[in-house]
Amino acid sequence: MGNRCVITTEKDLRQKGLGVYLHRNGGLASVRGFTEYCRLRGFAAPDKSSYGYSRLCQVIGNFMGADGSSIGIGKVEELDTDNGDNGTYILNGWKIIARRYFTGKEQDDYPLMDFLETLDSVQPETHRLGDEMIACLMHHGKVISDVSWNYGYELQRRERDGLSCGPFREGSFYSSNGNNSIIRILEKPEWDAVIEIDGHRVTVPRFVWRDGSESLLFTDRYGMSRQVNSEQEVVP
């Protein structure tokens with residue numbers, strides 16, 4: 001016996017496609033954590049790309065270890081969908097939208113943030129988001145690709161180049177990526193920043209990197225989304 005489940009998509013159910021079988025950690029709290037972590041990492045979902053199941057299995061496998069029996073992948077019709085434990089979860093994107101073959105009592109839940117932080121801690125070191133970045137992304141409803149095109153690469157580059165990147169400094173000026181906008185940091189409430197740009201005071205999302213540096217996102221005068229990093233301090 002285990003704590004079994006199957007994870008699949010609407011499309012794969014209709015077309016007798018693929019699914020993922022978990023022998024343990026099949027409860028709603030775990031599966032919701034696995035899929036939400038994949039969303040935060042910006043992975044293409046299984047109903048959009050063949051890479052989706054691979055990334056899901058990679059994240060879960062890093063968490064469960066390599067005992068050889070905890071996770072499997074195959075055609076839905078050949079998996080233990082009516083397993084007597086947690087049944088079958090159906091995804092649309094990375095969101096659980098339905099569930100089949102489950103009539104039991106839901107297991108005791110545990111906080112999603114705690115699970116996400118634990119899950120992050122067992123991923124390869126260069127792929128980890130860090131607790132504060134996870135909290136920022138969740139708070140603002142973003143994914144890591146909204147903050148950086150290649151988060152792991154940027155962290156490695158800073159370390160390689162010996163850059164000591166601190167947080168934004170209130171009262172200081174910073175240049176944006178992609179244009180000549182200059183912003184000034186006025187205040188830093190939790191997970192936000194109050195900035196001055198083009199004579200206007202606005203509140204924008206702020207994100208804390210694993211190395212202690214920070215980024216923020218704002219909309220410029222042309223309606224384009226721009227990013228500013230705390231390493232881009234300038235003298236106006």
# chains A, B, ... in the order shown; residues from 1 in each chain; ligands from 1
>>> residues_around(residues="range 148-152 of chain A", least_positions_apart="4", cutoff="9 Å", atoms="only C-alpha atoms", output="ChimeraX atom specification")
/A:126-129,144,156-157,209,215,227
>>> select_by_dssp(residues="range 15-198 of chain A", states="strand (DSSP E or B)", output="MDAnalysis selection string")
chainID A and resid 18:22 71:75 88:92 95:100 173:175 182:187 192:197
>>> closest_residue(among="A:Asn92, A:Asn83, A:Asn25, A:Ser49", to="Thr8 in chain A", atoms="only C-alpha atoms")
A:Asn92
>>> select_by_dssp(residues="range 7-161 of chain A", states="helix (DSSP H, G or I)", output="PyMOL selection string")
chain A and resi 10-15+28-40+51-64+76-78+112-121+125-127+131-140+144-147+151-160
>>> closest_atom_pairs(of="range 210-233 of chain A", to="range 185-197 of chain A", cutoff="12 Å", atoms="only C-alpha atoms", output="Markdown table")
| residue | atom | partner | partner_atom | distance |
| --- | --- | --- | --- | --- |
| A:Glu214 | CA | A:Trp191 | CA | 10.0 |
| A:Ser215 | CA | A:Ala193 | CA | 9.7 |
| A:Leu216 | CA | A:Ala193 | CA | 7.4 |
| A:Leu217 | CA | A:Ala193 | CA | 9.3 |
| A:Phe218 | CA | A:Ile195 | CA | 9.2 |
| A:Thr219 | CA | A:Ile197 | CA | 9.9 |
| A:Asp220 | CA | A:Ile197 | CA | 8.4 |
| A:Arg221 | CA | A:Ile197 | CA | 9.2 |
| A:Val228 | CA | A:Ile185 | CA | 10.8 |
| A:Asn229 | CA | A:Ile185 | CA | 11.6 |
| A:Ser230 | CA | A:Ile185 | CA | 10.2 |
| A:Glu233 | CA | A:Ile185 | CA | 10.3 |
>>> write_last_selection(atoms="C-alpha atoms", output="mmCIF file, in the first residue's frame")
data_model
loop_
_atom_site.group_PDB
_atom_site.id
_atom_site.type_symbol
_atom_site.label_atom_id
_atom_site.label_comp_id
_atom_site.auth_asym_id
_atom_site.auth_seq_id
_atom_site.Cartn_x
_atom_site.Cartn_y
_atom_site.Cartn_z
ATOM 1 C CA GLU A 214 16.457 42.863 -5.572
ATOM 2 C CA SER A 215 14.469 43.540 -8.738
ATOM 3 C CA LEU A 216 11.327 45.497 -9.407
ATOM 4 C CA LEU A 217 8.891 45.711 -12.298
ATOM 5 C CA PHE A 218 7.239 48.879 -13.545
ATOM 6 C CA THR A 219 5.407 50.177 -16.615
ATOM 7 C CA ASP A 220 7.171 52.930 -18.534
ATOM 8 C CA ARG A 221 5.580 55.921 -20.311
ATOM 9 C CA VAL A 228 15.236 47.344 -12.642
ATOM 10 C CA ASN A 229 17.901 45.485 -10.652
ATOM 11 C CA SER A 230 19.566 46.731 -7.496
ATOM 12 C CA GLU A 233 22.468 52.124 -9.243
#
>>> closest_residue(among="A:Cys5, A:Cys165, A:Ala29, A:Leu18", to="Tyr110 in chain A", atoms="only C-alpha atoms")
A:Ala29
>>> decode(residues="range 19-43 of chain A", atoms="N, CA and C atoms", output="short mmCIF file (atom, residue, chain, number, x, y, z; two decimals), in the first residue's frame")
data_model
loop_
_atom_site.label_atom_id
_atom_site.label_comp_id
_atom_site.auth_asym_id
_atom_site.auth_seq_id
_atom_site.Cartn_x
_atom_site.Cartn_y
_atom_site.Cartn_z
N GLY A 19 0.13 10.08 -18.32
CA GLY A 19 -0.13 10.49 -16.94
C GLY A 19 1.06 10.12 -16.08
N VAL A 20 1.09 10.69 -14.88
CA VAL A 20 2.16 10.40 -13.90
C VAL A 20 1.55 9.67 -12.72
N TYR A 21 2.18 8.59 -12.31
CA TYR A 21 1.74 7.80 -11.16
C TYR A 21 2.67 8.05 -9.98
N LEU A 22 2.09 8.39 -8.83
CA LEU A 22 2.85 8.51 -7.59
C LEU A 22 2.42 7.42 -6.63
N HIS A 23 3.39 6.70 -6.10
CA HIS A 23 3.08 5.65 -5.14
C HIS A 23 2.91 6.23 -3.73
N ARG A 24 3.52 7.38 -3.50
CA ARG A 24 3.35 8.07 -2.22
C ARG A 24 3.34 9.58 -2.46
N ASN A 25 3.02 10.33 -1.41
CA ASN A 25 2.86 11.79 -1.53
C ASN A 25 1.80 12.15 -2.58
N GLY A 26 0.72 11.36 -2.60
CA GLY A 26 -0.35 11.62 -3.56
C GLY A 26 -1.48 12.46 -3.02
N GLY A 27 -1.38 12.93 -1.77
CA GLY A 27 -2.43 13.77 -1.20
C GLY A 27 -2.52 15.12 -1.88
N LEU A 28 -3.64 15.79 -1.68
CA LEU A 28 -3.87 17.07 -2.35
C LEU A 28 -2.81 18.11 -2.01
N ALA A 29 -2.40 18.17 -0.75
CA ALA A 29 -1.41 19.18 -0.35
C ALA A 29 -0.10 18.99 -1.10
N SER A 30 0.33 17.75 -1.27
CA SER A 30 1.59 17.49 -1.99
C SER A 30 1.46 17.78 -3.47
N VAL A 31 0.40 17.26 -4.09
CA VAL A 31 0.24 17.44 -5.53
C VAL A 31 0.06 18.91 -5.88
N ARG A 32 -0.70 19.63 -5.07
CA ARG A 32 -0.86 21.07 -5.28
C ARG A 32 0.50 21.76 -5.16
N GLY A 33 1.34 21.33 -4.22
CA GLY A 33 2.67 21.90 -4.08
C GLY A 33 3.56 21.61 -5.28
N PHE A 34 3.52 20.37 -5.78
CA PHE A 34 4.34 20.01 -6.94
C PHE A 34 3.96 20.85 -8.16
N THR A 35 2.66 20.97 -8.41
CA THR A 35 2.23 21.70 -9.61
C THR A 35 2.45 23.21 -9.46
N GLU A 36 2.24 23.74 -8.26
CA GLU A 36 2.46 25.17 -8.06
C GLU A 36 3.94 25.51 -8.19
N TYR A 37 4.81 24.64 -7.71
CA TYR A 37 6.24 24.90 -7.84
C TYR A 37 6.64 24.92 -9.32
N CYS A 38 6.09 24.00 -10.10
CA CYS A 38 6.38 23.99 -11.54
C CYS A 38 5.89 25.28 -12.19
N ARG A 39 4.74 25.79 -11.74
CA ARG A 39 4.24 27.06 -12.28
C ARG A 39 5.19 28.20 -11.94
N LEU A 40 5.64 28.26 -10.68
CA LEU A 40 6.56 29.33 -10.26
C LEU A 40 7.86 29.29 -11.05
N ARG A 41 8.31 28.09 -11.39
CA ARG A 41 9.54 27.96 -12.18
C ARG A 41 9.33 28.32 -13.65
N GLY A 42 8.08 28.54 -14.04
CA GLY A 42 7.79 28.93 -15.41
C GLY A 42 7.83 27.80 -16.41
N PHE A 43 7.69 26.57 -15.95
CA PHE A 43 7.72 25.42 -16.86
C PHE A 43 6.45 25.38 -17.71
#
